[in-house]
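Structure below is target_29.csv: CSV, C-alpha atoms and all ligand atoms.
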chain,number,residue,atom,x,y,z
W,1,MET,CA,-1.4,-42.4,-28.1
W,2,LEU,CA,-4.3,-40.3,-26.9
W,3,CYS,CA,-4.0,-39.1,-23.3
W,4,LYS,CA,-6.1,-37.0,-21.0
W,5,ARG,CA,-4.8,-34.0,-19.2
W,6,THR,CA,-6.4,-31.5,-16.9
W,7,PHE,CA,-5.6,-27.7,-16.7
W,8,ARG,CA,-7.0,-25.5,-14.0
W,9,TYR,CA,-7.1,-21.7,-13.8
W,10,ARG,CA,-8.2,-19.3,-11.2
W,11,MET,CA,-11.1,-17.1,-12.4
W,12,TYR,CA,-11.6,-13.5,-11.6
W,13,PRO,CA,-15.3,-12.8,-12.3
W,14,SER,CA,-16.7,-9.3,-11.9
W,15,LYS,CA,-19.4,-8.7,-9.3
W,16,THR,CA,-22.2,-9.1,-11.9
W,17,ALA,CA,-20.6,-12.2,-13.4
W,18,GLU,CA,-20.2,-13.7,-10.0
W,19,LYS,CA,-23.9,-13.2,-9.4
W,20,THR,CA,-24.7,-15.0,-12.6
W,21,LEU,CA,-22.3,-17.8,-11.7
W,22,LEU,CA,-24.0,-18.3,-8.3
W,23,ASN,CA,-27.4,-18.1,-10.0
W,24,THR,CA,-26.3,-20.9,-12.4
W,25,LEU,CA,-25.2,-23.1,-9.6
W,26,GLU,CA,-28.6,-22.5,-7.9
W,27,ILE,CA,-30.6,-23.4,-11.0
W,28,CYS,CA,-28.5,-26.5,-11.5
W,29,ARG,CA,-29.2,-27.5,-7.9
W,30,GLN,CA,-33.0,-27.0,-8.4
W,31,THR,CA,-32.9,-28.9,-11.6
W,32,TYR,CA,-31.0,-31.7,-9.9
W,33,ASN,CA,-33.6,-32.0,-7.2
W,34,ASP,CA,-36.5,-31.8,-9.6
W,35,LEU,CA,-35.0,-34.6,-11.7
W,36,LEU,CA,-34.4,-36.7,-8.6
W,37,GLU,CA,-38.0,-36.3,-7.7
W,38,ILE,CA,-39.3,-37.1,-11.2
W,39,ASN,CA,-37.1,-40.2,-11.3
W,40,THR,CA,-38.3,-41.4,-8.0
W,41,GLU,CA,-41.9,-41.0,-9.0
W,42,THR,CA,-41.4,-42.7,-12.4
W,43,TYR,CA,-39.6,-45.6,-10.6
W,44,LYS,CA,-42.6,-46.0,-8.2
W,45,ASN,CA,-45.1,-46.0,-11.1
W,46,ILE,CA,-43.4,-48.2,-13.7
W,47,GLY,CA,-40.5,-49.8,-11.7
W,48,LYS,CA,-37.9,-48.1,-13.9
W,49,GLY,CA,-36.1,-44.8,-13.8
W,50,LEU,CA,-35.8,-42.3,-16.6
W,51,SER,CA,-33.2,-42.5,-19.3
W,52,GLY,CA,-30.8,-39.6,-19.9
W,53,PHE,CA,-32.8,-38.7,-22.9
W,54,GLY,CA,-36.0,-38.8,-20.9
W,55,MET,CA,-34.6,-36.5,-18.2
W,56,ASN,CA,-33.3,-34.0,-20.8
W,57,TYR,CA,-36.8,-34.0,-22.3
W,58,CYS,CA,-38.3,-33.3,-18.8
W,59,ILE,CA,-36.0,-30.3,-18.2
W,60,ASN,CA,-37.8,-28.4,-20.9
W,61,TYR,CA,-41.2,-28.9,-19.3
W,62,MET,CA,-40.3,-28.5,-15.7
W,63,GLY,CA,-41.6,-25.5,-13.8
W,64,GLY,CA,-39.7,-23.6,-11.2
W,65,ALA,CA,-36.7,-21.3,-11.9
W,66,ASP,CA,-36.1,-19.8,-15.3
W,67,LYS,CA,-34.0,-22.4,-17.0
W,68,THR,CA,-33.5,-20.4,-20.1
W,69,SER,CA,-30.8,-18.4,-18.2
W,70,VAL,CA,-28.6,-21.5,-18.2
W,71,HIS,CA,-26.9,-23.1,-21.2
W,72,SER,CA,-28.9,-26.2,-22.3
W,73,GLN,CA,-25.8,-28.4,-22.2
W,74,VAL,CA,-25.0,-27.4,-18.6
W,75,LEU,CA,-28.5,-28.6,-17.6
W,76,GLN,CA,-28.1,-31.8,-19.6
W,77,ASN,CA,-24.9,-32.4,-17.6
W,78,VAL,CA,-27.1,-32.1,-14.5
W,79,SER,CA,-29.2,-34.9,-15.7
W,80,ASP,CA,-26.0,-37.0,-16.3
W,81,ARG,CA,-25.1,-36.4,-12.7
W,82,VAL,CA,-28.6,-37.5,-11.5
W,83,GLY,CA,-28.2,-40.6,-13.8
W,84,LYS,CA,-24.8,-41.3,-12.2
W,85,ALA,CA,-26.2,-41.0,-8.7
W,86,PHE,CA,-28.8,-43.6,-9.5
W,87,ARG,CA,-26.4,-46.0,-11.2
W,88,ASN,CA,-24.1,-45.8,-8.2
W,89,PHE,CA,-27.1,-46.4,-6.0
W,90,PHE,CA,-28.1,-49.6,-7.9
W,91,ARG,CA,-24.5,-50.7,-7.8
W,92,ARG,CA,-24.4,-50.4,-4.1
W,93,VAL,CA,-27.7,-52.3,-3.8
W,94,LYS,CA,-26.2,-55.1,-5.8
W,95,GLU,CA,-23.0,-55.2,-3.7
W,96,LYS,CA,-25.1,-55.2,-0.5
W,97,ARG,CA,-27.1,-58.2,-1.8
W,98,LYS,CA,-23.8,-60.0,-2.4
W,99,GLY,CA,-23.1,-59.6,1.3
W,100,LYS,CA,-20.8,-56.5,1.3
W,101,HIS,CA,-21.2,-54.3,4.4
W,102,ILE,CA,-22.0,-51.0,3.0
W,103,LYS,CA,-24.6,-48.3,3.4
W,104,VAL,CA,-26.9,-48.3,0.3
W,105,GLY,CA,-28.0,-44.7,0.7
W,106,TYR,CA,-30.7,-43.5,-1.8
W,107,PRO,CA,-29.6,-40.4,-3.8
W,108,ARG,CA,-30.3,-37.3,-1.8
W,109,PHE,CA,-31.7,-33.9,-2.5
W,110,LYS,CA,-29.0,-31.2,-2.6
W,111,LYS,CA,-29.4,-28.5,0.0
W,112,PHE,CA,-28.8,-24.8,-0.8
W,113,GLY,CA,-25.2,-24.3,-1.8
W,114,ASN,CA,-24.5,-27.9,-2.1
W,115,ILE,CA,-23.8,-28.0,-5.8
W,116,LYS,CA,-20.4,-26.5,-6.2
W,117,SER,CA,-19.7,-26.9,-9.9
W,118,PHE,CA,-21.3,-27.0,-13.3
W,119,THR,CA,-20.1,-28.4,-16.6
W,120,TYR,CA,-20.1,-27.5,-20.2
W,121,PRO,CA,-19.8,-31.0,-21.8
W,122,GLN,CA,-19.1,-29.9,-25.4
W,123,SER,CA,-19.8,-26.3,-26.3
W,124,GLY,CA,-21.0,-23.1,-24.9
W,125,TYR,CA,-17.6,-21.5,-24.1
W,126,SER,CA,-14.6,-20.1,-25.8
W,127,LEU,CA,-11.2,-19.0,-24.7
W,128,ASP,CA,-9.5,-16.0,-26.1
W,129,ASN,CA,-6.0,-15.6,-24.6
W,130,HIS,CA,-6.8,-15.3,-20.9
W,131,VAL,CA,-10.5,-14.3,-21.3
W,132,LEU,CA,-13.0,-17.1,-21.0
W,133,ASN,CA,-16.4,-16.4,-22.6
W,134,LEU,CA,-19.2,-18.5,-21.1
W,135,SER,CA,-22.5,-18.7,-22.8
W,136,LYS,CA,-25.3,-17.1,-20.8
W,137,ILE,CA,-22.8,-15.8,-18.3
W,138,GLY,CA,-20.3,-13.5,-20.0
W,139,ARG,CA,-16.6,-12.8,-20.2
W,140,ILE,CA,-14.4,-13.7,-17.2
W,141,ASN,CA,-10.6,-13.2,-16.8
W,142,LEU,CA,-8.4,-16.2,-16.1
W,143,ARG,CA,-5.0,-16.3,-14.6
W,144,ILE,CA,-3.1,-18.5,-17.0
W,145,GLY,CA,0.5,-17.5,-16.2
W,146,LYS,CA,3.5,-19.4,-17.3
W,147,LYS,CA,4.0,-21.1,-20.6
W,148,GLN,CA,4.0,-24.7,-19.2
W,149,ASN,CA,0.6,-24.1,-17.9
W,150,ARG,CA,-1.0,-23.3,-21.2
W,151,ILE,CA,-3.7,-25.6,-22.4
W,152,GLU,CA,-2.6,-28.3,-24.8
W,153,GLY,CA,-4.6,-30.6,-27.0
W,154,ASN,CA,-8.4,-30.4,-27.5
W,155,VAL,CA,-10.7,-29.3,-24.8
W,156,LYS,CA,-13.3,-31.9,-24.2
W,157,ILE,CA,-15.0,-30.7,-21.1
W,158,LEU,CA,-15.1,-27.4,-19.1
W,159,THR,CA,-16.1,-27.4,-15.5
W,160,ILE,CA,-16.6,-24.2,-13.4
W,161,LYS,CA,-16.0,-24.8,-9.8
W,162,ARG,CA,-16.6,-22.7,-6.7
W,163,MET,CA,-14.3,-23.4,-3.7
W,164,PRO,CA,-15.4,-23.2,-0.1
W,165,SER,CA,-13.2,-20.1,0.2
W,166,GLY,CA,-15.3,-18.4,-2.5
W,167,ARG,CA,-12.7,-18.6,-5.2
W,168,TRP,CA,-13.7,-19.7,-8.7
W,169,PHE,CA,-11.8,-22.1,-11.0
W,170,ALA,CA,-12.1,-23.1,-14.6
W,171,ILE,CA,-11.0,-26.7,-15.2
W,172,PHE,CA,-10.4,-27.8,-18.7
W,173,SER,CA,-10.2,-31.6,-19.5
W,174,CYS,CA,-8.3,-32.1,-22.7
W,175,GLU,CA,-7.1,-34.9,-24.9
W,176,ILE,CA,-3.6,-34.7,-26.2
W,177,GLU,CA,-1.9,-36.9,-28.8
W,178,ILE,CA,1.4,-38.0,-27.4
W,179,LYS,CA,4.1,-39.7,-29.5
W,180,PRO,CA,5.6,-42.8,-27.9
W,181,LYS,CA,9.1,-41.9,-26.8
W,182,LYS,CA,12.2,-43.7,-25.6
W,183,HIS,CA,13.3,-42.9,-22.1
W,184,LYS,CA,16.8,-41.4,-21.7
W,185,PHE,CA,17.7,-43.9,-19.0
W,186,PRO,CA,15.6,-47.0,-19.7
W,187,LYS,CA,17.8,-49.2,-17.4
W,188,LYS,CA,17.6,-46.9,-14.4
W,189,LYS,CA,15.1,-48.3,-12.0
W,190,VAL,CA,13.8,-47.2,-8.6
W,191,GLY,CA,11.4,-48.4,-5.9
W,192,ILE,CA,9.6,-45.8,-3.7
W,193,ASP,CA,8.3,-46.2,-0.2
W,194,VAL,CA,6.1,-43.3,1.1
W,195,GLY,CA,5.6,-42.5,4.7
W,196,LEU,CA,4.1,-40.0,7.1
W,197,GLU,CA,7.3,-38.8,8.6
W,198,LYS,CA,9.4,-38.7,5.5
W,199,PHE,CA,7.7,-38.0,2.2
W,200,ALA,CA,9.4,-40.9,0.5
W,201,THR,CA,12.4,-43.2,0.6
W,202,LEU,CA,13.9,-44.4,-2.6
W,203,SER,CA,15.5,-47.8,-3.1
W,204,ASN,CA,18.9,-46.1,-3.9
W,205,GLY,CA,18.9,-44.7,-0.4
W,206,ILE,CA,17.8,-41.2,-1.2
W,207,VAL,CA,15.2,-39.7,1.2
W,208,ILE,CA,12.8,-37.0,0.1
W,209,GLU,CA,11.8,-35.0,3.1
W,210,ASN,CA,8.4,-33.5,3.7
W,211,PRO,CA,8.8,-29.9,2.6
W,212,ARG,CA,9.1,-27.4,5.4
W,213,PHE,CA,6.4,-25.1,4.1
W,214,LEU,CA,3.9,-27.9,4.2
W,215,VAL,CA,4.8,-28.9,7.8
W,216,LYS,CA,4.4,-25.2,8.8
W,217,SER,CA,1.0,-24.7,7.0
W,218,GLU,CA,-0.3,-27.9,8.5
W,219,ARG,CA,0.6,-26.8,12.0
W,220,ARG,CA,-1.3,-23.6,11.3
W,221,LEU,CA,-4.3,-25.5,10.0
W,222,LYS,CA,-4.4,-27.6,13.2
W,223,LEU,CA,-4.4,-24.4,15.3
W,224,LEU,CA,-7.2,-22.8,13.2
W,225,SER,CA,-9.4,-25.9,13.3
W,226,ARG,CA,-9.0,-26.0,17.1
W,227,ARG,CA,-10.1,-22.4,17.3
W,228,PHE,CA,-12.9,-23.0,14.8
W,229,SER,CA,-14.4,-25.8,16.9
W,230,ARG,CA,-14.6,-23.5,19.9
W,231,LYS,CA,-16.7,-20.8,18.1
W,232,LYS,CA,-20.4,-20.5,18.7
W,233,LYS,CA,-22.7,-21.9,16.0
W,234,GLY,CA,-24.3,-19.3,13.8
W,235,SER,CA,-22.1,-16.4,14.9
W,236,ASN,CA,-20.3,-14.0,12.6
W,237,GLU,CA,-17.1,-15.3,14.0
W,238,ILE,CA,-17.7,-18.8,12.8
W,239,TYR,CA,-18.4,-17.5,9.3
W,240,ASP,CA,-15.0,-15.7,9.2
W,241,SER,CA,-13.3,-18.6,10.8
W,242,ARG,CA,-14.7,-21.0,8.2
W,243,ILE,CA,-13.5,-18.9,5.3
W,244,LYS,CA,-10.0,-18.6,6.9
W,245,LEU,CA,-10.0,-22.4,7.3
W,246,ALA,CA,-11.0,-23.0,3.7
W,247,ARG,CA,-8.3,-20.6,2.5
W,248,ILE,CA,-5.6,-22.4,4.4
W,249,HIS,CA,-6.8,-25.8,3.2
W,250,GLU,CA,-6.6,-24.5,-0.4
W,251,LYS,CA,-3.2,-23.0,0.2
W,252,ILE,CA,-1.9,-26.3,1.5
W,253,SER,CA,-3.2,-28.3,-1.4
W,254,ASN,CA,-1.7,-25.8,-3.8
W,255,GLN,CA,1.6,-26.1,-2.1
W,256,ARG,CA,1.5,-29.9,-1.9
W,257,TYR,CA,0.4,-30.1,-5.6
W,258,ASP,CA,3.3,-27.8,-6.6
W,259,PHE,CA,5.8,-29.9,-4.6
W,260,MET,CA,4.5,-33.1,-6.1
W,261,HIS,CA,4.8,-31.7,-9.6
W,262,LYS,CA,8.4,-31.0,-9.1
W,263,THR,CA,9.2,-34.3,-7.4
W,264,THR,CA,7.4,-36.4,-9.9
W,265,ARG,CA,9.1,-34.5,-12.7
W,266,MET,CA,12.5,-35.2,-11.2
W,267,LEU,CA,11.8,-38.9,-10.7
W,268,THR,CA,10.4,-39.5,-14.2
W,269,ASP,CA,13.3,-37.7,-15.8
W,270,LYS,CA,15.8,-39.8,-13.9
W,271,PHE,CA,14.3,-43.3,-13.9
W,272,GLY,CA,13.0,-45.4,-16.8
W,273,LEU,CA,11.1,-47.7,-14.4
W,274,ILE,CA,9.5,-46.5,-11.1
W,275,SER,CA,7.9,-49.0,-8.8
W,276,VAL,CA,5.3,-48.0,-6.3
W,277,GLU,CA,2.7,-49.7,-4.1
W,278,ASP,CA,-0.7,-50.3,-5.6
W,279,LEU,CA,-3.0,-48.1,-3.6
W,280,ASN,CA,-6.1,-49.9,-5.0
W,281,ILE,CA,-5.1,-53.0,-3.1
W,282,LYS,CA,-3.9,-51.1,-0.1
W,283,GLY,CA,-7.0,-48.9,-0.1
W,284,MET,CA,-9.1,-51.8,1.2
W,285,VAL,CA,-7.6,-51.2,4.6
W,286,ARG,CA,-9.4,-48.3,6.3
W,287,HIS,CA,-7.1,-46.2,8.4
W,288,PRO,CA,-8.3,-44.9,11.7
W,289,TYR,CA,-6.3,-41.7,11.5
W,290,LEU,CA,-7.2,-38.6,9.5
W,291,ALA,CA,-3.5,-37.9,8.7
W,292,LYS,CA,-3.3,-41.2,7.0
W,293,HIS,CA,-6.4,-40.5,4.9
W,294,ILE,CA,-5.0,-37.3,3.7
W,295,HIS,CA,-1.7,-39.0,3.1
W,296,ASP,CA,-3.3,-41.7,1.0
W,297,ALA,CA,-5.3,-39.2,-1.0
W,298,SER,CA,-2.2,-37.2,-1.9
W,299,TRP,CA,-0.3,-40.4,-2.6
W,300,GLY,CA,-3.0,-41.3,-5.1
W,301,ASN,CA,-2.4,-38.0,-6.8
W,302,PHE,CA,1.3,-38.5,-6.7
W,303,VAL,CA,1.0,-41.9,-8.4
W,304,GLN,CA,-1.3,-40.4,-11.1
W,305,MET,CA,1.2,-37.6,-11.8
W,306,LEU,CA,4.1,-40.1,-11.9
W,307,GLY,CA,2.0,-42.1,-14.4
W,308,TYR,CA,1.4,-39.4,-16.9
W,309,LYS,CA,4.8,-37.8,-16.6
W,310,ALA,CA,6.5,-41.1,-17.1
W,311,GLU,CA,4.4,-41.5,-20.2
W,312,ASN,CA,5.6,-38.2,-21.4
W,313,ALA,CA,9.2,-39.1,-20.8
W,314,GLY,CA,8.9,-42.6,-22.2
W,315,GLY,CA,9.2,-44.4,-18.9
W,316,ARG,CA,7.0,-46.7,-16.9
W,317,VAL,CA,5.4,-46.8,-13.5
W,318,ALA,CA,4.9,-50.3,-12.0
W,319,LYS,CA,2.3,-50.8,-9.3
W,320,VAL,CA,3.1,-53.7,-7.0
W,321,ASN,CA,1.1,-55.5,-4.4
W,322,PRO,CA,2.1,-53.8,-1.2
W,323,LYS,CA,1.2,-56.9,1.0
W,324,GLY,CA,4.2,-57.8,3.2
W,325,THR,CA,6.6,-55.3,1.7
W,326,THR,CA,7.7,-54.1,5.1
W,327,GLN,CA,8.2,-57.7,6.4
W,328,ALA,CA,10.0,-59.3,3.4
W,329,CYS,CA,13.8,-59.1,3.2
W,330,SER,CA,14.6,-57.3,0.0
W,331,GLN,CA,17.9,-59.2,-0.4
W,332,CYS,CA,16.9,-62.8,0.3
W,333,GLY,CA,13.1,-62.8,0.5
W,334,ASN,CA,13.0,-64.1,4.0
W,335,LYS,CA,10.1,-62.9,6.2
W,336,VAL,CA,11.3,-60.7,9.0
W,337,PRO,CA,8.4,-59.7,11.2
W,338,LYS,CA,8.6,-56.3,12.8
W,339,THR,CA,6.2,-54.0,14.7
W,340,LEU,CA,5.5,-50.4,13.5
W,341,ALA,CA,7.9,-49.1,16.1
W,342,GLN,CA,10.8,-51.0,14.7
W,343,ARG,CA,12.6,-48.7,12.4
W,344,TRP,CA,15.3,-51.2,11.3
W,345,HIS,CA,15.3,-54.3,9.2
W,346,ARG,CA,17.7,-57.0,10.5
W,347,CYS,CA,17.7,-60.2,8.5
W,348,PRO,CA,18.9,-63.2,10.4
W,349,VAL,CA,19.3,-65.2,7.2
W,350,CYS,CA,21.4,-63.0,4.9
W,351,GLY,CA,22.5,-60.4,7.5
W,352,LEU,CA,21.0,-57.4,5.7
W,353,HIS,CA,20.8,-54.5,8.1
W,354,ILE,CA,19.2,-51.4,6.7
W,355,GLY,CA,16.4,-48.9,7.5
W,356,ARG,CA,12.9,-50.2,7.5
W,357,ASP,CA,11.7,-47.8,4.8
W,358,LEU,CA,14.7,-48.4,2.6
W,359,ASN,CA,14.1,-52.1,2.8
W,360,SER,CA,10.4,-51.6,1.7
W,361,ALA,CA,11.5,-49.4,-1.2
W,362,LYS,CA,14.1,-52.1,-2.3
W,363,GLU,CA,11.4,-54.8,-2.0
W,364,MET,CA,9.0,-52.8,-4.1
W,365,LEU,CA,11.7,-52.5,-6.8
W,366,ARG,CA,12.5,-56.3,-6.5
W,367,ARG,CA,8.8,-57.1,-7.0
W,368,ALA,CA,8.5,-54.9,-10.1
W,369,THR,CA,11.6,-56.3,-11.7
W,370,ALA,CA,10.7,-59.9,-10.8
W,371,GLY,CA,7.7,-59.4,-13.0
W,372,THR,CA,5.2,-59.7,-10.2
W,373,ALA,CA,3.9,-56.1,-10.7
W,374,GLU,CA,0.1,-56.3,-10.7
W,375,ARG,CA,-0.6,-53.4,-12.9
W,376,TYR,CA,1.0,-50.5,-14.7
W,377,ALA,CA,-0.1,-47.0,-14.1
W,378,ASP,CA,-1.5,-45.9,-17.4
W,379,GLY,CA,-1.1,-42.2,-16.8
W,380,ASP,CA,-4.7,-41.7,-17.6
W,381,GLY,CA,-5.5,-38.3,-16.1
W,382,SER,CA,-9.2,-38.9,-16.5
W,383,SER,CA,-10.1,-38.9,-12.8
W,384,PRO,CA,-9.4,-35.3,-11.9
W,385,LEU,CA,-7.1,-34.7,-9.0
W,386,GLY,CA,-8.9,-34.6,-5.7
W,387,GLU,CA,-7.4,-31.3,-4.8
W,388,ILE,CA,-7.8,-28.0,-6.5
W,389,LEU,CA,-4.8,-25.9,-7.4
W,390,GLU,CA,-4.0,-22.4,-8.6
W,391,SER,CA,-2.5,-22.3,-12.1
W,392,SER,CA,0.7,-20.6,-11.2
W,393,PRO,CA,2.9,-22.4,-8.7
W,394,SER,CA,3.3,-20.6,-5.4
W,395,GLU,CA,6.4,-18.5,-5.2
W,396,LYS,CA,7.4,-19.9,-1.8
W,397,SER,CA,7.8,-23.4,-3.0
W,398,GLU,CA,11.1,-25.2,-2.8
W,399,ALA,CA,12.6,-27.9,-4.9
W,400,PRO,CA,12.4,-31.3,-3.3
W,401,GLN,CA,15.1,-31.9,-0.7
W,402,LEU,CA,17.4,-34.8,-1.3
W,403,VAL,CA,19.2,-36.3,1.6
W,404,GLY,CA,21.8,-39.0,1.5
W,405,GLY,CA,22.3,-41.0,-1.7
W,501,ZN,ZN,17.7,-61.5,4.1
Kindly return the structure encoded in the file as structure tokens.
Amino acid sequence: MLCKRTFRYRMYPSKTAEKTLLNTLEICRQTYNDLLEINTETYKNIGKGLSGFGMNYCINYMGGADKTSVHSQVLQNVSDRVGKAFRNFFRRVKEKRKGKHIKVGYPRFKKFGNIKSFTYPQSGYSLDNHVLNLSKIGRINLRIGKKQNRIEGNVKILTIKRMPSGRWFAIFSCEIEIKPKKHKFPKKKVGIDVGLEKFATLSNGIVIENPRFLVKSERRLKLLSRRFSRKKKGSNEIYDSRIKLARIHEKISNQRYDFMHKTTRMLTDKFGLISVEDLNIKGMVRHPYLAKHIHDASWGNFVQMLGYKAENAGGRVAKVNPKGTTQACSQCGNKVPKTLAQRWHRCPVCGLHIGRDLNSAKEMLRRATAGTAERYADGDGSSPLGEILESSPSEKSEAPQLVGG
């Protein structure tokens, strides 16, 4: 079975290499804008945009910045991006016509600094131990660290990304051949309910707490963002403050990512079947609170990790429709309405009296085993995780805390 995996490493470019990297981003941005303009013109004239081939052809004849200083495939990837922006635009137009309430939004020009990554789709790079050799840029050191972080399989795509904090990352998308395996405990099953207060509640009564270091960092983030909003626009202070804020954002996502790696590893080792709520169904509800958004994003990453780790271990992840899981009684199926404030589930029919989250987790498992699971996570790592990480896990991380059980 062919699976996709992503590996990311921090890059340590020299001053000269960094200049070239920044210049590459800038040329990509100009190319993006030029192609957008050409496409718009062509569309006005003949009622049709350019094909990918047509755009690649144009790149060679466009004026402006010296495009020979950037690898040709990197520029071709820019035309792919423009093509994608247009496809998404036409998709939104169609959806709007069908009566969906969305903003159509024509593809926009990228302002200075607004292209943050560039991609080598097939070639133009090589990796020699921890030294990455980029065509037209040069040799850059990577921090690869521990054995389990080494690249596996065949590299398909390499993306170079600059974070708001100014750090650079190399992201390798690979394809790995994985042999189907039998899980050690195929009969062990679990349902998982995630929350804001507790990280997750398992159907066997175990509670996974939010790690302390995350709670701490998030508190600091709140403080910094409050300070940031008080700073004067355009001042030096706001610049420093912005970098500080970006760094802490990155630190938090590294820590969270590391924590999720450990937690998902533990779960997929222990259970042959894991049942979670299907976020694609749940995602239709927009949450008014920011915390909830972040939470949902990291939950999405969590499910993705569960998916591919389960695949490695020979287990499965079932995604069930989350509708009504908090209301339904996990023992008899009776509907027990409760408000958000009610933390306990008391069933008047069968007398079940357990915590609200535990009931949801049990209900999730019941739905999965009753064969009503809508979809199974396929463990396809193709959509890269929304958050960036450093290749070596942070030293301060703790193993997931288990309570009860
Ligand atoms: Zn009941």
Any residue with an atom at most 10 Å from ligand ZN 501 (chain W) counts, using only C-alpha atoms and all ligand atoms. Which are they? Put them as an mmCIF file with C-alpha atoms, in the coordinates of the input.
data_model
loop_
_atom_site.group_PDB
_atom_site.id
_atom_site.type_symbol
_atom_site.label_atom_id
_atom_site.label_comp_id
_atom_site.auth_asym_id
_atom_site.auth_seq_id
_atom_site.Cartn_x
_atom_site.Cartn_y
_atom_site.Cartn_z
ATOM 1 C CA ALA W 328 10.000 -59.300 3.400
ATOM 2 C CA CYS W 329 13.800 -59.100 3.200
ATOM 3 C CA SER W 330 14.600 -57.300 0.000
ATOM 4 C CA GLN W 331 17.900 -59.200 -0.400
ATOM 5 C CA CYS W 332 16.900 -62.800 0.300
ATOM 6 C CA GLY W 333 13.100 -62.800 0.500
ATOM 7 C CA ASN W 334 13.000 -64.100 4.000
ATOM 8 C CA LYS W 335 10.100 -62.900 6.200
ATOM 9 C CA VAL W 336 11.300 -60.700 9.000
ATOM 10 C CA HIS W 345 15.300 -54.300 9.200
ATOM 11 C CA ARG W 346 17.700 -57.000 10.500
ATOM 12 C CA CYS W 347 17.700 -60.200 8.500
ATOM 13 C CA PRO W 348 18.900 -63.200 10.400
ATOM 14 C CA VAL W 349 19.300 -65.200 7.200
ATOM 15 C CA CYS W 350 21.400 -63.000 4.900
ATOM 16 C CA GLY W 351 22.500 -60.400 7.500
ATOM 17 C CA LEU W 352 21.000 -57.400 5.700
ATOM 18 C CA HIS W 353 20.800 -54.500 8.100
#
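Near Pro180 of chain W, within 9 Å and counting only C-alpha atoms, sit Met1, Glu311, Asn312, Ala313 and Gly314 of chain W; same-chain residues fewer than 3 positions away were not included.
From atom CA of Lys182 of chain W back to atom CA of Gly205 of chain W, the distance works out to 26.1 Å.
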List as a ChimeraX atom specification: which residues have an atom within 8 Å of (-13.2, -23.6, 12.1), counting all atoms listed in the file? /W:224-231,238,241-242,244-245
Just to confirm, what's the straight-line distance from atom CA of Arg91 of chain W to atom CA of Arg108 of chain W in Å (one decimal)? 15.8 Å
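The nearest approach to Glu152 of chain W among the residues W:Val207, W:Cys3, W:Ile140, W:Ala368, with all atoms listed in the file taken into account, belongs to W:Cys3.
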Segment 15-26 of chain W surroundings by all atoms listed in the file, 12 Å radius, close-in-sequence under 5 positions cut, as a PyMOL selection string: chain W and resi 31-33+64-72+74-75+78+110-120+132-141+159-163+166-170
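A straight line drawn from atom CA of Tyr12 of chain W to atom CA of Ile144 of chain W is 11.2 Å long.
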Counting all atoms listed in the file, figure out which residue out of W:Val303, W:Tyr125, W:Asp193, W:Gln255 gets nearest to Thr325 of chain W. W:Asp193
So that I can see what lies close to Gln76 of chain W, please list as a PyMOL selection string the residues with an atom at most 6 Å from it, counting all atoms listed in the file and leaving out residues fewer than 3 positions away in the same chain. chain W and resi 56+73+79
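Using only C-alpha atoms for every distance, the candidate list W:Arg29, W:Gly47, W:Lys156, W:His261 yields W:His261 as the residue closest to Tyr308 of chain W.
If all atoms listed in the file are the atoms counted, then among W:Asp240, W:Asp80, W:Asp269, W:Glu277 the closest residue to Gly324 of chain W is W:Glu277.
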Residues at most 9 Å from Lys338 of chain W, counting all atoms listed in the file, excluding those fewer than 5 positions away in the same chain, as an MDAnalysis selection string? chainID W and resid 326:327 343:345
12 Å contact set for Lys216 of chain W, all atoms listed in the file, chain neighbours under 4 positions out, as a ChimeraX atom specification: /W:210-212,220-223,248,251-252,255
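With only the atoms specified (all atoms listed in the file) counting, those residues at most 7 Å away from (-3.6, -28.5, -16.5) are Arg5, Thr6, Phe7, Arg8, Asn149 and Ile151 of chain W.
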N, CA and C atoms restored at segment 79-86 of chain W, emitted as a CSV table (one decimal), in the frame of the given file:
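Produced file out-v2.csv, reproduced below:
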chain,number,residue,atom,x,y,z
W,79,SER,N,-28.5,-33.7,-15.6
W,79,SER,CA,-29.2,-34.9,-15.7
W,79,SER,C,-28.3,-36.1,-15.8
W,80,ASP,N,-27.1,-35.9,-16.4
W,80,ASP,CA,-26.0,-37.0,-16.3
W,80,ASP,C,-25.7,-37.3,-14.9
W,81,ARG,N,-25.5,-36.2,-14.1
W,81,ARG,CA,-25.1,-36.4,-12.7
W,81,ARG,C,-26.2,-37.1,-11.9
W,82,VAL,N,-27.5,-36.8,-12.2
W,82,VAL,CA,-28.6,-37.5,-11.5
W,82,VAL,C,-28.5,-39.0,-11.9
W,83,GLY,N,-28.3,-39.3,-13.3
W,83,GLY,CA,-28.2,-40.6,-13.8
W,83,GLY,C,-27.1,-41.4,-13.1
W,84,LYS,N,-26.0,-40.7,-12.9
W,84,LYS,CA,-24.8,-41.3,-12.2
W,84,LYS,C,-25.1,-41.7,-10.8
W,85,ALA,N,-25.8,-40.7,-10.1
W,85,ALA,CA,-26.2,-41.0,-8.7
W,85,ALA,C,-27.0,-42.2,-8.6
W,86,PHE,N,-28.0,-42.4,-9.6
W,86,PHE,CA,-28.8,-43.6,-9.5
W,86,PHE,C,-28.0,-44.9,-9.9
